[in-house]
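Source file: entry12.cif (mmCIF, C-alpha atoms)
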data_final
#
loop_
_atom_site.label_atom_id
_atom_site.label_comp_id
_atom_site.auth_asym_id
_atom_site.auth_seq_id
_atom_site.Cartn_x
_atom_site.Cartn_y
_atom_site.Cartn_z
CA MET A 1 -140.45 36.91 43.47
CA HIS A 2 -137.67 38.38 41.33
CA VAL A 3 -134.89 40.50 42.86
CA ILE A 4 -132.27 42.40 40.86
CA VAL A 5 -128.94 43.13 42.58
CA ILE A 6 -126.94 45.98 41.04
CA GLY A 7 -123.22 45.37 41.62
CA ALA A 8 -121.08 42.22 41.68
CA GLY A 9 -118.52 43.21 44.25
CA VAL A 10 -118.24 41.24 47.48
CA ILE A 11 -121.37 42.99 48.89
CA GLY A 12 -123.51 42.31 45.83
CA VAL A 13 -122.44 38.69 45.34
CA CYS A 14 -122.96 37.85 49.03
CA SER A 15 -126.39 39.49 48.86
CA ALA A 16 -127.26 37.48 45.75
CA TRP A 17 -126.22 34.23 47.45
CA TYR A 18 -128.40 34.81 50.51
CA LEU A 19 -131.33 36.01 48.40
CA ARG A 20 -131.20 32.84 46.32
CA GLU A 21 -130.89 30.76 49.48
CA ALA A 22 -134.07 32.48 50.72
CA GLY A 23 -135.91 31.29 47.62
CA PHE A 24 -135.87 34.37 45.39
CA GLU A 25 -135.24 34.45 41.65
CA VAL A 26 -132.09 36.59 41.47
CA THR A 27 -130.36 38.55 38.70
CA VAL A 28 -127.07 40.37 39.30
CA VAL A 29 -126.15 43.27 37.01
CA GLU A 30 -122.51 44.37 36.87
CA ARG A 31 -120.81 47.03 34.73
CA ARG A 32 -117.49 45.14 34.66
CA ALA A 33 -116.81 41.95 32.72
CA ALA A 34 -116.02 39.99 35.90
CA PRO A 35 -116.99 40.20 39.58
CA ALA A 36 -114.93 41.96 42.28
CA GLN A 37 -113.14 44.29 39.89
CA GLU A 38 -113.48 47.57 41.80
CA SER A 39 -113.31 48.19 45.58
CA SER A 40 -113.24 44.43 46.26
CA PHE A 41 -110.27 43.80 43.99
CA GLY A 42 -107.21 45.31 45.65
CA ASN A 43 -108.29 45.64 49.26
CA ALA A 44 -106.15 44.74 52.26
CA GLY A 45 -107.89 41.40 52.76
CA VAL A 46 -108.46 42.07 56.45
CA ILE A 47 -111.53 40.66 58.26
CA ALA A 48 -111.01 42.29 61.64
CA PRO A 49 -114.20 43.05 63.60
CA GLY A 50 -112.10 44.07 66.59
CA TYR A 51 -110.28 46.66 64.49
CA VAL A 52 -113.15 47.93 62.30
CA THR A 53 -113.30 51.66 62.87
CA PRO A 54 -114.75 54.78 61.23
CA TRP A 55 -112.42 57.14 59.41
CA ALA A 56 -114.15 59.93 61.33
CA ALA A 57 -112.23 59.70 64.61
CA PRO A 58 -110.89 62.05 67.29
CA GLY A 59 -107.59 63.50 66.14
CA MET A 60 -108.08 62.60 62.48
CA PRO A 61 -108.62 66.20 61.22
CA GLY A 62 -105.35 67.20 62.90
CA LYS A 63 -103.61 64.20 61.35
CA VAL A 64 -104.83 65.26 57.90
CA LEU A 65 -103.45 68.79 58.41
CA ARG A 66 -100.13 67.61 59.86
CA ASN A 67 -99.51 65.33 56.91
CA LEU A 68 -100.75 67.69 54.21
CA PHE A 69 -97.29 68.25 52.75
CA ALA A 70 -95.51 65.10 53.96
CA SER A 71 -93.77 62.94 51.35
CA THR A 72 -95.09 59.75 52.96
CA SER A 73 -98.51 60.10 54.52
CA PRO A 74 -101.48 57.86 55.39
CA VAL A 75 -103.84 60.62 54.25
CA LEU A 76 -103.67 62.64 51.04
CA PHE A 77 -105.93 65.64 50.52
CA ARG A 78 -106.37 67.15 47.05
CA PRO A 79 -108.52 70.30 47.47
CA SER A 80 -110.80 70.91 44.52
CA ALA A 81 -113.91 72.88 43.59
CA ASP A 82 -116.12 69.80 43.93
CA PRO A 83 -119.12 70.88 46.09
CA ALA A 84 -119.91 67.24 46.94
CA MET A 85 -116.47 66.87 48.51
CA TRP A 86 -116.87 69.95 50.73
CA ARG A 87 -120.35 68.89 51.83
CA TRP A 88 -118.94 65.46 52.70
CA ILE A 89 -116.03 67.00 54.64
CA ALA A 90 -118.39 69.23 56.64
CA ARG A 91 -120.44 66.20 57.69
CA TRP A 92 -117.30 64.17 58.37
CA LEU A 93 -115.87 66.83 60.68
CA GLY A 94 -119.06 66.71 62.73
CA GLU A 95 -118.51 62.96 63.25
CA CYS A 96 -114.94 63.29 64.56
CA THR A 97 -115.91 63.80 68.21
CA LEU A 98 -115.31 61.07 70.77
CA GLU A 99 -119.03 60.63 71.38
CA ARG A 100 -119.86 60.17 67.67
CA TYR A 101 -116.80 57.95 67.19
CA ARG A 102 -118.02 55.57 69.90
CA VAL A 103 -121.52 55.40 68.40
CA ASN A 104 -120.28 54.80 64.86
CA LYS A 105 -117.58 52.29 65.81
CA LEU A 106 -120.01 50.20 67.86
CA ARG A 107 -122.46 50.13 64.96
CA MET A 108 -119.72 48.97 62.61
CA GLN A 109 -118.43 46.35 65.05
CA ARG A 110 -121.91 44.98 65.68
CA LEU A 111 -122.24 44.32 61.96
CA ALA A 112 -118.65 43.09 61.51
CA PHE A 113 -118.82 40.48 64.30
CA TYR A 114 -122.12 39.19 62.92
CA SER A 115 -120.61 39.12 59.44
CA ARG A 116 -117.64 37.07 60.59
CA ASP A 117 -120.03 34.48 62.03
CA CYS A 118 -121.92 34.40 58.71
CA LEU A 119 -118.63 33.99 56.81
CA HIS A 120 -117.56 31.07 58.98
CA THR A 121 -120.93 29.35 58.48
CA LEU A 122 -120.72 29.91 54.73
CA ARG A 123 -117.12 28.70 54.58
CA SER A 124 -118.05 25.52 56.44
CA GLN A 125 -121.18 24.99 54.37
CA LEU A 126 -119.56 25.55 50.96
CA GLY A 127 -115.94 24.55 51.58
CA ILE A 128 -114.56 27.77 50.08
CA ASP A 129 -110.81 28.36 50.37
CA TYR A 130 -109.65 31.97 50.01
CA GLU A 131 -106.09 31.90 51.42
CA GLN A 132 -107.38 32.72 54.89
CA SER A 133 -105.12 33.24 57.90
CA GLN A 134 -105.78 33.81 61.61
CA GLY A 135 -104.76 36.73 63.84
CA TYR A 136 -104.22 40.45 63.36
CA LEU A 137 -101.37 42.52 64.81
CA GLN A 138 -101.34 46.32 65.06
CA LEU A 139 -97.85 47.79 65.28
CA PHE A 140 -97.13 50.98 67.25
CA ARG A 141 -93.90 52.65 66.20
CA THR A 142 -94.08 55.16 69.06
CA GLU A 143 -95.81 55.69 72.39
CA ARG A 144 -97.77 58.48 70.69
CA ASP A 145 -99.27 55.90 68.28
CA ARG A 146 -100.20 53.81 71.28
CA GLY A 147 -101.88 56.81 72.91
CA LEU A 148 -103.92 57.61 69.79
CA ALA A 149 -105.29 54.05 69.89
CA GLU A 150 -106.67 54.47 73.43
CA PRO A 151 -110.32 55.22 72.42
CA ALA A 152 -110.40 51.99 70.40
CA LEU A 153 -108.70 50.04 73.21
CA ALA A 154 -111.26 51.33 75.70
CA LEU A 155 -114.07 49.96 73.52
CA LEU A 156 -112.32 46.60 73.19
CA ARG A 157 -112.05 46.36 76.98
CA GLU A 158 -115.60 47.59 77.54
CA HIS A 159 -117.09 45.01 75.17
CA LYS A 160 -114.75 42.18 76.16
CA VAL A 161 -113.29 41.71 72.69
CA PRO A 162 -110.32 39.31 72.95
CA HIS A 163 -107.12 41.32 72.61
CA ARG A 164 -103.64 41.55 74.09
CA LEU A 165 -101.20 44.45 74.34
CA VAL A 166 -97.67 43.19 73.71
CA ASP A 167 -94.21 44.72 73.81
CA ALA A 168 -91.75 44.71 70.92
CA ASP A 169 -90.47 41.23 71.77
CA GLY A 170 -94.04 39.98 71.98
CA CYS A 171 -94.75 41.35 68.50
CA ARG A 172 -91.74 39.48 67.13
CA ARG A 173 -92.84 36.25 68.78
CA ILE A 174 -96.15 36.55 66.93
CA GLU A 175 -94.46 37.61 63.66
CA PRO A 176 -90.86 36.31 63.68
CA GLY A 177 -90.10 37.96 60.34
CA LEU A 178 -90.35 41.50 61.76
CA THR A 179 -87.01 43.27 61.47
CA THR A 180 -85.27 44.63 64.56
CA ASP A 181 -84.04 47.70 62.64
CA THR A 182 -87.32 49.65 62.77
CA PRO A 183 -88.33 51.26 66.09
CA LEU A 184 -91.22 49.40 67.68
CA ALA A 185 -92.95 50.53 70.89
CA GLY A 186 -95.30 47.54 71.01
CA GLY A 187 -98.47 46.21 69.47
CA LEU A 188 -102.04 45.09 69.87
CA HIS A 189 -102.82 41.49 69.00
CA LEU A 190 -106.38 40.50 68.05
CA PRO A 191 -106.17 36.68 67.96
CA GLU A 192 -109.71 36.07 66.66
CA ASP A 193 -109.49 38.50 63.74
CA GLU A 194 -108.39 37.16 60.37
CA SER A 195 -107.63 37.90 56.73
CA GLY A 196 -108.18 36.38 53.33
CA ASN A 197 -108.23 36.91 49.57
CA CYS A 198 -111.47 38.79 48.86
CA PRO A 199 -111.57 38.47 45.02
CA MET A 200 -110.83 34.74 45.29
CA PHE A 201 -113.78 34.35 47.66
CA VAL A 202 -116.10 36.39 45.39
CA ARG A 203 -115.16 34.45 42.25
CA ARG A 204 -115.83 31.12 43.95
CA LEU A 205 -119.12 32.30 45.45
CA ARG A 206 -120.23 33.59 42.06
CA VAL A 207 -119.67 30.14 40.53
CA LEU A 208 -121.67 28.50 43.31
CA ALA A 209 -124.43 31.12 43.03
CA GLU A 210 -124.73 30.54 39.29
CA ALA A 211 -124.94 26.80 39.90
CA ALA A 212 -127.77 27.53 42.36
CA GLY A 213 -129.69 29.50 39.71
CA VAL A 214 -128.51 33.13 40.06
CA ARG A 215 -128.25 34.91 36.70
CA PHE A 216 -125.28 37.25 36.19
CA VAL A 217 -125.53 39.96 33.52
CA MET A 218 -121.98 41.27 33.14
CA ASP A 219 -120.34 44.14 31.26
CA CYS A 220 -123.59 46.09 31.41
CA HIS A 221 -124.54 49.48 32.90
CA ALA A 222 -127.77 49.84 34.85
CA CYS A 223 -129.84 53.02 34.66
CA ALA A 224 -131.83 54.29 37.63
CA PRO A 225 -134.67 51.87 38.52
CA ARG A 226 -138.11 53.05 37.31
CA PRO A 227 -141.21 52.41 39.42
CA LEU A 228 -143.99 50.69 37.44
CA PRO A 229 -147.73 50.46 38.08
CA GLY A 230 -148.49 47.58 40.40
CA GLY A 231 -145.35 48.03 42.54
CA LYS A 232 -142.73 46.49 40.26
CA LEU A 233 -139.52 48.19 39.17
CA ALA A 234 -137.96 48.39 35.70
CA LEU A 235 -134.24 48.50 35.08
CA ASP A 236 -132.88 49.62 31.70
CA LEU A 237 -129.50 48.09 30.83
CA ARG A 238 -127.05 49.66 28.42
CA ALA A 239 -123.99 48.22 26.71
CA GLY A 240 -121.87 51.07 28.11
CA ALA A 241 -122.26 54.10 30.34
CA ALA A 242 -124.06 55.91 27.48
CA GLY A 243 -124.28 53.02 25.03
CA ALA A 244 -127.15 51.45 23.16
CA MET A 245 -130.04 49.92 25.06
CA ARG A 246 -129.35 46.26 25.72
CA GLU A 247 -132.49 45.09 27.52
CA THR A 248 -135.01 46.07 30.18
CA LEU A 249 -135.51 43.90 33.25
CA THR A 250 -138.45 44.02 35.61
CA ALA A 251 -138.36 42.93 39.23
CA ASP A 252 -140.37 42.94 42.42
CA ARG A 253 -137.40 44.29 44.36
CA VAL A 254 -134.11 45.98 43.42
CA LEU A 255 -131.07 45.99 45.73
CA VAL A 256 -128.42 48.62 44.99
CA SER A 257 -124.89 47.49 45.92
CA ALA A 258 -123.00 49.42 43.28
CA GLY A 259 -120.26 50.95 45.44
CA VAL A 260 -119.23 54.46 44.48
CA ALA A 261 -121.60 54.42 41.48
CA SER A 262 -124.61 54.10 43.78
CA ALA A 263 -125.04 57.81 44.53
CA ALA A 264 -125.43 58.82 40.87
CA LEU A 265 -127.68 55.83 40.22
CA LEU A 266 -130.08 56.82 42.99
CA ARG A 267 -130.12 60.60 42.50
CA PRO A 268 -132.83 60.58 39.77
CA LEU A 269 -135.14 58.90 42.31
CA GLY A 270 -134.70 61.75 44.78
CA LEU A 271 -132.41 59.70 47.05
CA ARG A 272 -129.38 61.87 47.83
CA ILE A 273 -126.79 59.77 49.60
CA PRO A 274 -123.68 61.50 51.03
CA LEU A 275 -121.40 58.89 49.50
CA TYR A 276 -117.97 60.03 48.39
CA PRO A 277 -115.14 58.07 46.71
CA VAL A 278 -112.11 57.99 49.01
CA LYS A 279 -109.26 56.63 46.97
CA GLY A 280 -107.13 53.78 48.28
CA TYR A 281 -104.04 51.98 46.98
CA SER A 282 -102.47 48.56 47.18
CA ALA A 283 -99.35 46.76 46.05
CA THR A 284 -99.13 42.99 45.66
CA VAL A 285 -95.66 41.48 46.02
CA GLN A 286 -94.31 37.98 45.49
CA VAL A 287 -92.68 36.55 48.61
CA SER A 288 -88.95 36.03 48.09
CA ASP A 289 -88.04 34.68 51.55
CA GLU A 290 -90.61 32.64 53.50
CA LEU A 291 -88.74 33.02 56.79
CA GLN A 292 -88.65 36.82 56.55
CA ALA A 293 -92.26 37.29 55.41
CA PRO A 294 -95.38 37.87 57.54
CA LEU A 295 -97.41 34.88 58.66
CA ALA A 296 -100.80 36.62 58.80
CA ALA A 297 -102.01 40.25 58.78
CA LEU A 298 -100.53 43.38 60.35
CA MET A 299 -101.31 47.10 60.48
CA ASP A 300 -98.69 49.83 60.72
CA GLU A 301 -100.57 52.35 62.86
CA SER A 302 -98.32 55.29 61.96
CA TYR A 303 -98.91 54.99 58.23
CA LYS A 304 -102.24 53.12 58.36
CA VAL A 305 -100.82 50.48 56.01
CA ALA A 306 -101.98 46.87 56.20
CA ILE A 307 -99.57 44.07 55.27
CA THR A 308 -101.36 40.78 54.65
CA ARG A 309 -100.04 37.37 53.69
CA MET A 310 -101.98 35.73 50.83
CA GLY A 311 -100.41 32.41 49.87
CA ASN A 312 -97.05 33.14 48.25
CA ARG A 313 -97.83 36.87 48.01
CA MET A 314 -98.06 39.89 50.29
CA ARG A 315 -100.82 42.47 49.90
CA ILE A 316 -99.79 45.96 51.08
CA ALA A 317 -102.74 48.33 51.22
CA GLY A 318 -103.63 51.71 52.61
CA THR A 319 -103.61 55.48 52.09
CA ALA A 320 -106.82 57.49 52.02
CA GLU A 321 -106.88 60.13 49.30
CA LEU A 322 -109.71 62.63 49.32
CA GLY A 323 -110.48 65.04 46.51
CA SER A 324 -109.38 63.05 43.45
CA ARG A 325 -111.87 61.05 41.42
CA LYS A 326 -109.15 59.85 39.01
CA LEU A 327 -107.87 56.36 39.71
CA ASP A 328 -104.29 57.16 38.72
CA LEU A 329 -101.33 55.81 40.66
CA ARG A 330 -99.74 58.67 42.61
CA PRO A 331 -96.07 58.00 43.44
CA ALA A 332 -96.40 59.49 46.96
CA ALA A 333 -99.11 56.99 47.88
CA ILE A 334 -97.22 54.01 46.48
CA ASN A 335 -94.06 55.14 48.27
CA THR A 336 -95.94 55.16 51.58
CA LEU A 337 -97.07 51.56 51.07
CA LEU A 338 -93.68 50.25 50.05
CA LYS A 339 -91.88 52.18 52.79
CA ALA A 340 -94.06 50.56 55.47
CA ALA A 341 -93.52 47.08 54.04
CA ARG A 342 -89.76 47.55 53.66
CA ASP A 343 -89.49 49.00 57.16
CA TRP A 344 -90.93 45.83 58.70
CA PHE A 345 -90.02 43.10 56.18
CA PRO A 346 -87.06 44.50 54.19
CA VAL A 347 -86.04 41.31 52.37
CA ALA A 348 -89.35 39.43 52.35
CA GLY A 349 -90.59 40.32 48.88
CA HIS A 350 -89.79 41.49 45.37
CA TYR A 351 -90.84 45.08 46.06
CA ASP A 352 -89.43 46.48 42.83
CA ASN A 353 -91.81 44.28 40.83
CA ALA A 354 -95.00 44.99 42.78
CA THR A 355 -98.37 44.87 41.04
CA LEU A 356 -100.00 48.22 41.80
CA TRP A 357 -103.70 49.12 42.13
CA ALA A 358 -105.84 52.15 42.96
CA GLY A 359 -109.55 52.05 43.69
CA ALA A 360 -112.36 54.16 45.13
CA ARG A 361 -113.85 53.24 48.49
CA PRO A 362 -117.54 54.17 48.85
CA MET A 363 -117.41 56.13 52.12
CA LEU A 364 -120.17 57.75 54.13
CA PRO A 365 -119.14 60.62 56.45
CA ASP A 366 -119.89 58.73 59.67
CA GLY A 367 -118.63 55.25 58.70
CA PRO A 368 -121.38 52.60 59.03
CA PRO A 369 -123.07 51.38 55.82
CA LEU A 370 -126.74 51.66 54.84
CA ILE A 371 -128.74 48.42 54.58
CA GLY A 372 -132.48 48.25 54.03
CA ALA A 373 -135.57 49.72 52.42
CA THR A 374 -135.76 53.23 50.97
CA ALA A 375 -138.62 55.68 50.46
CA VAL A 376 -139.04 54.22 46.94
CA PRO A 377 -141.27 51.13 47.25
CA GLY A 378 -139.39 47.96 46.40
CA LEU A 379 -135.95 49.63 46.36
CA PHE A 380 -133.35 48.51 48.91
CA LEU A 381 -129.75 49.56 49.64
CA ASN A 382 -126.63 47.68 50.71
CA LEU A 383 -123.83 50.21 50.31
CA GLY A 384 -121.39 52.64 51.92
CA HIS A 385 -119.05 50.10 53.55
CA GLY A 386 -115.95 52.21 52.85
CA SER A 387 -112.70 50.29 53.37
CA THR A 388 -114.35 47.53 55.45
CA GLY A 389 -116.63 45.90 52.88
CA TRP A 390 -114.83 42.55 53.09
CA ALA A 391 -115.21 42.53 56.88
CA MET A 392 -118.95 43.24 56.64
CA ALA A 393 -119.96 41.54 53.38
CA CYS A 394 -121.53 38.27 54.48
CA GLY A 395 -123.45 39.84 57.34
CA SER A 396 -124.66 42.71 55.16
CA GLY A 397 -125.79 40.30 52.46
CA ARG A 398 -127.63 38.13 54.95
CA ILE A 399 -129.36 41.15 56.50
CA ALA A 400 -130.41 42.53 53.10
CA ALA A 401 -131.89 39.15 52.14
CA ASP A 402 -133.73 38.90 55.47
CA LEU A 403 -135.21 42.37 55.09
CA ILE A 404 -136.36 41.74 51.51
CA ALA A 405 -137.89 38.43 52.61
CA GLY A 406 -139.67 40.12 55.51
CA ASN A 407 -137.68 38.17 58.10
CA ARG A 408 -136.21 39.53 61.31
CA PRO A 409 -132.47 40.24 60.85
CA GLY A 410 -129.88 38.52 63.02
CA ILE A 411 -128.77 41.76 64.73
CA ASP A 412 -130.21 45.08 65.87
CA LEU A 413 -130.14 47.45 62.88
CA ASP A 414 -130.25 50.69 64.86
CA GLY A 415 -128.14 53.22 62.94
CA LEU A 416 -127.50 50.88 60.01
CA THR A 417 -130.54 51.58 57.79
CA PRO A 418 -131.31 54.31 55.22
CA ALA A 419 -133.46 55.98 57.90
CA ARG A 420 -130.19 57.31 59.37
CA TYR A 421 -130.10 59.85 56.53
CA GLY A 422 -133.86 60.28 56.21
CA LEU A 423 -134.01 57.95 53.19
CA GLY A 424 -136.19 55.20 54.67
CA PRO A 425 -139.87 54.41 54.05
CA ARG A 426 -142.21 57.24 54.97
#
Please express the file's structure as C-alpha cells.
Amino acid sequence: MHVIVIGAGVIGVCSAWYLREAGFEVTVVERRAAPAQESSFGNAGVIAPGYVTPWAAPGMPGKVLRNLFASTSPVLFRPSADPAMWRWIARWLGECTLERYRVNKLRMQRLAFYSRDCLHTLRSQLGIDYEQSQGYLQLFRTERDRGLAEPALALLREHKVPHRLVDADGCRRIEPGLTTDTPLAGGLHLPEDESGNCPMFVRRLRVLAEAAGVRFVMDCHACAPRPLPGGKLALDLRAGAAGAMRETLTADRVLVSAGVASAALLRPLGLRIPLYPVKGYSATVQVSDELQAPLAALMDESYKVAITRMGNRMRIAGTAELGSRKLDLRPAAINTLLKAARDWFPVAGHYDNATLWAGARPMLPDGPPLIGATAVPGLFLNLGHGSTGWAMACGSGRIAADLIAGNRPGIDLDGLTPARYGLGPR
C-alpha cells in the first residue's frame, strides 16, 4: 500500500518513518528544497510535556490587551480585515475559560508524554544525536507571574508530574550562569523535560528514512488530493505554487502534515480547518562565555521567551504575533527576545551578531492537534501542533501510522482527531 505524506517538517518526517516501519511504501512531498525549513526550523527546541500548554488560557485575553502598545511584549496583535483571523479569535476566546483550558492542556500533555517515550525509543534504536539536554526551568520574575502559573501547577500536582518549585537561589543552583542583577521571585523545575535541536534531528531522520526506502520529492508544491474511482487518491505536483505540472502521484492513502499550508490545501475538498498562522520569532547566538551561559533550557514566564542551549549556541525563541501573514522581522519582537536573554545571561553570547528567524506556527483555536481520518476516504491529517510540534512529533507520527495501518494507537485519542471539528468519517 502506497502512502503520500505532504510536508517534510518534523511532523511529516516522523510520520514517514513510522509508516515505512509499518511496511508501507512511502513518498514525502515538500515545497521546500530541504526538510524542516518552516515551523520546525527556528523553534525553541523544547521537548517539555510537563510544560506543554494551549495558548488559549485564563487571563490570556487580558494579557494581550495589556501589552497591546508595549515596546517589549510576549504577544503582538496586528488587527486587519482578514475574516479568517476574526473567526479564529472568536473561537479562541471561547477556549480561554479554566474548564476548557484544563481539557485542552490534558489532551496536549497526554500526547506529549507519549511522544517523549516514542522519541527516546527512536533515539536508542537509531543512535541519533541532536544536541539534547535534560531539564527545563521556568523563571518567575514576580509573584504575579507565579500566581498566573497556578492552573498549570495544579494540573502538574493532580497528575503527579515530577516538578519542584524553587526559590531564586535554587534557580541559580540549577543554572549557575543566571545573573543576580535581574529580579527573580523563583522558578519551577521540570527535571524530566528536555530540549534538543529539531532541524538536526529531522535531517538525520530523513537520511535514515531514505535509506529505509522512503522517497522524498522536494522543491515541489502539492495540489489538493483528488479522489479516484476505486478509492485511491491522486496528487498533482507543480514546480512552484502556480508553476508547470511536474507529475501526478497516486496513492492508497494521503497524510496531510503541511503546517500552515494545510488549510488552503484541504479547502477544495470541503474540509474547513480553523488553522491560523501565529507568527513566532527566534534568534540564534554563539556562546561567548561557557561559564555564563545556560546549561539546558529555560522559559522567562513574563515574556514567554525560551532560552535553550544547543551545543556552542543559544536559541532564544518566543513572541506570538497574530494578524500578520508576512514573515518579516519586526524589531519589537526581536527586541523582546534579546532583552530576555540579556536580562538573564548578559555576557553569555554574541547578541549583536544573532541569526534571526521568523516563522508561522499552525495554530488551532483550542490548542491540541488533529490526527486521523477525515470525511474524505483515504485522507488523513496530522497537523495543528502550533508551537509544540517538536514536543509532539514522534508520538503524532506513530499514531498517524497506526491509524493508517488499522492498528490501535498507543494512547486514547479522545479530543485529538478530526472529529473534534466535525471533519471525521461520516
Residues of range 33-80 of chain A at most 12 Å from range 264-288 of chain A: nearest atom pair and distance in Å, all atoms listed in the file, as JSON lines:
{"residue": "A:Glu38", "atom": "CA", "partner": "A:Gly280", "partner_atom": "CA", "distance": 11.0}
{"residue": "A:Ser39", "atom": "CA", "partner": "A:Gly280", "partner_atom": "CA", "distance": 8.8}
{"residue": "A:Ser40", "atom": "CA", "partner": "A:Gly280", "partner_atom": "CA", "distance": 11.4}
{"residue": "A:Phe41", "atom": "CA", "partner": "A:Ser282", "partner_atom": "CA", "distance": 9.7}
{"residue": "A:Gly42", "atom": "CA", "partner": "A:Ser282", "partner_atom": "CA", "distance": 5.9}
{"residue": "A:Asn43", "atom": "CA", "partner": "A:Ser282", "partner_atom": "CA", "distance": 6.8}
{"residue": "A:Ala44", "atom": "CA", "partner": "A:Ser282", "partner_atom": "CA", "distance": 7.3}
{"residue": "A:Gly45", "atom": "CA", "partner": "A:Ser282", "partner_atom": "CA", "distance": 10.6}
{"residue": "A:Trp55", "atom": "CA", "partner": "A:Val278", "partner_atom": "CA", "distance": 10.4}
{"residue": "A:Pro74", "atom": "CA", "partner": "A:Gly280", "partner_atom": "CA", "distance": 10.0}
{"residue": "A:Val75", "atom": "CA", "partner": "A:Gly280", "partner_atom": "CA", "distance": 9.7}
{"residue": "A:Leu76", "atom": "CA", "partner": "A:Lys279", "partner_atom": "CA", "distance": 9.2}
{"residue": "A:Phe77", "atom": "CA", "partner": "A:Val278", "partner_atom": "CA", "distance": 9.9}
{"residue": "A:Arg78", "atom": "CA", "partner": "A:Lys279", "partner_atom": "CA", "distance": 10.9}
Quick one: pull the distance between CA of Glu210 in chain A and CA of Ala222 in chain A, Å, one decimal.
20.0 Å
What residues come out when you apply the PyMOL selection byres ((chain A and resi 147-153) around 12) to this file, written as an MDAnalysis selection string?
chainID A and resid 49:54 57:60 62:63 97:106 109 138:146 154:165 185:190 301:302 304
Run the PyMOL selection byres ((chain A and resi 336) around 8) on the file and write out the hits as a PyMOL selection string.
chain A and resi 72-74+303+319+332-335+337-340
Hits of the PyMOL selection byres ((chain A and resi 308-312) around 9) in this structure, as a PDB file with C-alpha atoms, in the coordinates of the input:
ATOM      1  CA  ALA A  44    -106.150  44.740  52.260  1.00  0.00           C
ATOM      2  CA  GLY A  45    -107.890  41.400  52.760  1.00  0.00           C
ATOM      3  CA  VAL A  46    -108.460  42.070  56.450  1.00  0.00           C
ATOM      4  CA  TYR A 130    -109.650  31.970  50.010  1.00  0.00           C
ATOM      5  CA  GLU A 131    -106.090  31.900  51.420  1.00  0.00           C
ATOM      6  CA  GLN A 132    -107.380  32.720  54.890  1.00  0.00           C
ATOM      7  CA  SER A 133    -105.120  33.240  57.900  1.00  0.00           C
ATOM      8  CA  SER A 195    -107.630  37.900  56.730  1.00  0.00           C
ATOM      9  CA  GLY A 196    -108.180  36.380  53.330  1.00  0.00           C
ATOM     10  CA  ASN A 197    -108.230  36.910  49.570  1.00  0.00           C
ATOM     11  CA  VAL A 285     -95.660  41.480  46.020  1.00  0.00           C
ATOM     12  CA  GLN A 286     -94.310  37.980  45.490  1.00  0.00           C
ATOM     13  CA  VAL A 287     -92.680  36.550  48.610  1.00  0.00           C
ATOM     14  CA  SER A 288     -88.950  36.030  48.090  1.00  0.00           C
ATOM     15  CA  GLU A 290     -90.610  32.640  53.500  1.00  0.00           C
ATOM     16  CA  ALA A 293     -92.260  37.290  55.410  1.00  0.00           C
ATOM     17  CA  PRO A 294     -95.380  37.870  57.540  1.00  0.00           C
ATOM     18  CA  LEU A 295     -97.410  34.880  58.660  1.00  0.00           C
ATOM     19  CA  ALA A 296    -100.800  36.620  58.800  1.00  0.00           C
ATOM     20  CA  ALA A 297    -102.010  40.250  58.780  1.00  0.00           C
ATOM     21  CA  LEU A 298    -100.530  43.380  60.350  1.00  0.00           C
ATOM     22  CA  MET A 299    -101.310  47.100  60.480  1.00  0.00           C
ATOM     23  CA  ALA A 306    -101.980  46.870  56.200  1.00  0.00           C
ATOM     24  CA  ILE A 307     -99.570  44.070  55.270  1.00  0.00           C
ATOM     25  CA  ARG A 313     -97.830  36.870  48.010  1.00  0.00           C
ATOM     26  CA  MET A 314     -98.060  39.890  50.290  1.00  0.00           C
ATOM     27  CA  ARG A 315    -100.820  42.470  49.900  1.00  0.00           C
ATOM     28  CA  ILE A 316     -99.790  45.960  51.080  1.00  0.00           C
ATOM     29  CA  ALA A 317    -102.740  48.330  51.220  1.00  0.00           C
TER      30      ALA A 317
END
Just to confirm, what's the straight-line distance from CA of Ala258 in chain A to CA of Pro225 in chain A in Å (one decimal)?
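The value is 12.8 Å.
One finds CA of Leu370 in chain A at 14.2 Å from CA of Ser387 in chain A.
Proximity to His221 in chain A was assessed for A:Glu30, A:Ser262, A:Gly415, A:Gln292 counting all atoms listed in the file; the smallest distance is recorded for A:Glu30.
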Could you check the closest approach to Ala8 in chain A for each of A:Arg110, A:Lys326, A:Arg215, A:Arg246 and tell me which residue wins, using all atoms listed in the file?
A:Arg215
